[in-house]
Amino acid sequence: MEVLSEVLKAVKLDGALFYNAEFSAPWCARSIDARTVTSYLSPNSGHVIMFHLLTEGRGYAHVEGDDRPLPLNAGDIVIVPHGDAHILGNGPSVTAVDRAQVLKQVLSQGLKVSRMGGGGELTKFVCGYLSCDPELSRVFLGGLPPILKVSIRDDTSGQWLENSIRYSVDNADASRPGGETVLAKLSEVLFVETLRRYIALLPEEQTGWLAGVRDPEVGKALALLHRKPAHPWTIAALASEVGISRSVLAERFRRYLSKTPMAYLTGWRLQLGAQMLKSTSRSVMEIAAEVGYESEPSFNRAFKREFGLPPARFRRHSKSARSRTVRHENPRGVIA
């Protein structure tokens, strides 16, 4: 699983927000989609991942439009990796309450506990939002379903993590130094731990990036490529590091990722380059060298093949699009 850590270093996963929810049966809530969440948080939030950690009681969850609910029990965490609007509930059928207004209250008033319901059986959640780079996160998010659940209460490490999050959220105080940083780090640990457990439960015949991470040889190769993307890798050098032959590594890589190790590396280098073009003022030549290209022209050609634009024009287009988004969603520069 080491490759997860390497990828998340580049993705820059960030804890954006936590709040408690206490619902009494019967209740049903519609959680808004990630695009709406992003407009509330910040124009620069990137892709938003939503999650709900059930700490007491029971319930169900499903993506809006899908009538196959996931049953939830205390200790389960529900993650909505692609930002779909989704439904949470418990008890007899009732009209879903839209939670958009609650999020506004959380941001404007520092609301610690959100309550609703009919007064019956109590269900408690810790709800949170994580933001990350939308392009780089596709590497690991692409293999995830619209909604997933994992139990984190079945061993001591999961119980410690749940208790730490509950304590930190209950005692969150913006005036205390380091409080937001602690919550951000805990949210990242929670997400990584959930991914680890989800990957471990994948069927043996599963393919894709997440299944490749679990494979000893492919996982080690991925970790090496992500740890040192600018290294002048060859299939022979990578296979030697992994400890298998070139042909075996190539075959196993194709089985899980449907491409060769070198093709995968090229794609990751270009994604890193695109992220740097959007987020830094470094020159194209500097970025090309940083991601492993010996010359700016070779980087330009590869980048244009991948994104349809040369790097300089891609940067101008990205900045222009971001500026338009900021003016449209937040014309006065104030978070809603």
# chains A, B, ... in the order shown; residues from 1 in each chain; ligands from 1
$ residues_around --residues "region 242-250 of chain A" --least-positions-apart "2" --cutoff "10 Å" --atoms "only C-alpha atoms" --output "PyMOL selection string"
chain A and resi 216-222+224+234-240+252-255+258-262
$ write_last_selection --atoms "N, CA and C atoms" --output "PDB file, in the first residue's frame"
ATOM      1  N   PRO A 216       1.739  -7.506  -5.140  1.00  0.00           N
ATOM      2  CA  PRO A 216       3.083  -7.205  -4.616  1.00  0.00           C
ATOM      3  C   PRO A 216       4.023  -6.591  -5.644  1.00  0.00           C
ATOM      4  N   GLU A 217       4.102  -7.166  -6.847  1.00  0.00           N
ATOM      5  CA  GLU A 217       5.048  -6.667  -7.848  1.00  0.00           C
ATOM      6  C   GLU A 217       4.564  -5.364  -8.487  1.00  0.00           C
ATOM      7  N   VAL A 218       3.317  -5.341  -8.908  1.00  0.00           N
ATOM      8  CA  VAL A 218       2.783  -4.130  -9.542  1.00  0.00           C
ATOM      9  C   VAL A 218       2.739  -2.985  -8.533  1.00  0.00           C
ATOM     10  N   GLY A 219       2.339  -3.291  -7.300  1.00  0.00           N
ATOM     11  CA  GLY A 219       2.298  -2.256  -6.270  1.00  0.00           C
ATOM     12  C   GLY A 219       3.664  -1.653  -6.009  1.00  0.00           C
ATOM     13  N   LYS A 220       4.704  -2.507  -5.965  1.00  0.00           N
ATOM     14  CA  LYS A 220       6.061  -1.994  -5.749  1.00  0.00           C
ATOM     15  C   LYS A 220       6.514  -1.144  -6.921  1.00  0.00           C
ATOM     16  N   ALA A 221       6.196  -1.576  -8.147  1.00  0.00           N
ATOM     17  CA  ALA A 221       6.569  -0.801  -9.327  1.00  0.00           C
ATOM     18  C   ALA A 221       5.872   0.560  -9.326  1.00  0.00           C
ATOM     19  N   LEU A 222       4.599   0.578  -8.985  1.00  0.00           N
ATOM     20  CA  LEU A 222       3.852   1.839  -8.930  1.00  0.00           C
ATOM     21  C   LEU A 222       4.452   2.777  -7.885  1.00  0.00           C
ATOM     22  N   LEU A 224       7.523   2.911  -6.843  1.00  0.00           N
ATOM     23  CA  LEU A 224       8.795   3.439  -7.353  1.00  0.00           C
ATOM     24  C   LEU A 224       8.561   4.546  -8.370  1.00  0.00           C
ATOM     25  N   THR A 234      13.726   2.760 -17.131  1.00  0.00           N
ATOM     26  CA  THR A 234      13.507   1.854 -18.257  1.00  0.00           C
ATOM     27  C   THR A 234      12.792   0.647 -17.706  1.00  0.00           C
ATOM     28  N   ILE A 235      12.169  -0.133 -18.571  1.00  0.00           N
ATOM     29  CA  ILE A 235      11.472  -1.318 -18.092  1.00  0.00           C
ATOM     30  C   ILE A 235      12.451  -2.283 -17.431  1.00  0.00           C
ATOM     31  N   ALA A 236      13.687  -2.310 -17.938  1.00  0.00           N
ATOM     32  CA  ALA A 236      14.693  -3.207 -17.352  1.00  0.00           C
ATOM     33  C   ALA A 236      15.074  -2.755 -15.947  1.00  0.00           C
ATOM     34  N   ALA A 237      15.297  -1.450 -15.778  1.00  0.00           N
ATOM     35  CA  ALA A 237      15.678  -0.928 -14.467  1.00  0.00           C
ATOM     36  C   ALA A 237      14.551  -1.114 -13.457  1.00  0.00           C
ATOM     37  N   LEU A 238      13.319  -0.874 -13.891  1.00  0.00           N
ATOM     38  CA  LEU A 238      12.173  -1.011 -12.990  1.00  0.00           C
ATOM     39  C   LEU A 238      11.989  -2.470 -12.586  1.00  0.00           C
ATOM     40  N   ALA A 239      12.096  -3.364 -13.551  1.00  0.00           N
ATOM     41  CA  ALA A 239      11.950  -4.791 -13.249  1.00  0.00           C
ATOM     42  C   ALA A 239      13.033  -5.267 -12.289  1.00  0.00           C
ATOM     43  N   SER A 240      14.250  -4.748 -12.456  1.00  0.00           N
ATOM     44  CA  SER A 240      15.350  -5.116 -11.558  1.00  0.00           C
ATOM     45  C   SER A 240      15.058  -4.671 -10.135  1.00  0.00           C
ATOM     46  N   ARG A 252       2.063  -8.355 -15.972  1.00  0.00           N
ATOM     47  CA  ARG A 252       1.247  -8.076 -14.786  1.00  0.00           C
ATOM     48  C   ARG A 252       0.724  -6.647 -14.814  1.00  0.00           C
ATOM     49  N   PHE A 253       1.528  -5.717 -15.295  1.00  0.00           N
ATOM     50  CA  PHE A 253       1.096  -4.328 -15.400  1.00  0.00           C
ATOM     51  C   PHE A 253      -0.082  -4.208 -16.367  1.00  0.00           C
ATOM     52  N   ARG A 254       0.032  -4.883 -17.522  1.00  0.00           N
ATOM     53  CA  ARG A 254      -1.059  -4.822 -18.501  1.00  0.00           C
ATOM     54  C   ARG A 254      -2.322  -5.464 -17.950  1.00  0.00           C
ATOM     55  N   ARG A 255      -2.159  -6.519 -17.179  1.00  0.00           N
ATOM     56  CA  ARG A 255      -3.335  -7.183 -16.628  1.00  0.00           C
ATOM     57  C   ARG A 255      -4.148  -6.232 -15.742  1.00  0.00           C
ATOM     58  N   SER A 258      -3.911  -2.196 -17.999  1.00  0.00           N
ATOM     59  CA  SER A 258      -4.130  -2.178 -19.448  1.00  0.00           C
ATOM     60  C   SER A 258      -3.142  -1.279 -20.190  1.00  0.00           C
ATOM     61  N   LYS A 259      -1.950  -1.121 -19.657  1.00  0.00           N
ATOM     62  CA  LYS A 259      -0.905  -0.357 -20.326  1.00  0.00           C
ATOM     63  C   LYS A 259       0.448  -0.794 -19.783  1.00  0.00           C
ATOM     64  N   THR A 260       1.505  -0.385 -20.461  1.00  0.00           N
ATOM     65  CA  THR A 260       2.857  -0.733 -20.023  1.00  0.00           C
ATOM     66  C   THR A 260       3.302   0.193 -18.900  1.00  0.00           C
ATOM     67  N   PRO A 261       4.300  -0.204 -18.127  1.00  0.00           N
ATOM     68  CA  PRO A 261       4.817   0.677 -17.078  1.00  0.00           C
ATOM     69  C   PRO A 261       5.294   2.017 -17.617  1.00  0.00           C
ATOM     70  N   MET A 262       5.949   2.019 -18.794  1.00  0.00           N
ATOM     71  CA  MET A 262       6.471   3.271 -19.331  1.00  0.00           C
ATOM     72  C   MET A 262       5.349   4.190 -19.820  1.00  0.00           C
TER      73      MET A 262
END
$ residues_around --residues "region 265-276 of chain A" --least-positions-apart "2" --cutoff "9 Å" --atoms "only C-alpha atoms" --output "NGL selection string"
:A and (10 or 133 or 135-136 or 139 or 222 or 225-226 or 229-230 or 233 or 260-263 or 278-282 or 284 or 287-288 or 290-293 or 299 or 302-303 or 306-307 or 311 or 314-315)
$ closest_residue --among "A:Cys127, A:Ala200, A:Ala29, A:Ala312" --to "Val97 (chain A)" --atoms "only C-alpha atoms"
A:Ala29
$ closest_residue --among "A:Asn90, A:Ser131, A:Gln206, A:Asn20" --to "Val102 (chain A)" --atoms "only C-alpha atoms"
A:Asn20
$ closest_residue --among "A:Tyr19, A:Tyr40, A:Trp27, A:Phe191" --to "Lys104 (chain A)" --atoms "only C-alpha atoms"
A:Tyr40
$ select_by_dssp --residues "region 2-201 of chain A" --states "strand (DSSP E)" --output "number ranges by chain"
A: 14-24, 27-31, 47-56, 58-63, 70-73, 76-80, 86-90, 97-98, 113-117, 122-132, 148-151
$ closest_residue --among "A:Val80, A:Ala184, A:Leu202, A:Leu257" --to "Lys12 (chain A)" --atoms "only C-alpha atoms"
A:Ala184
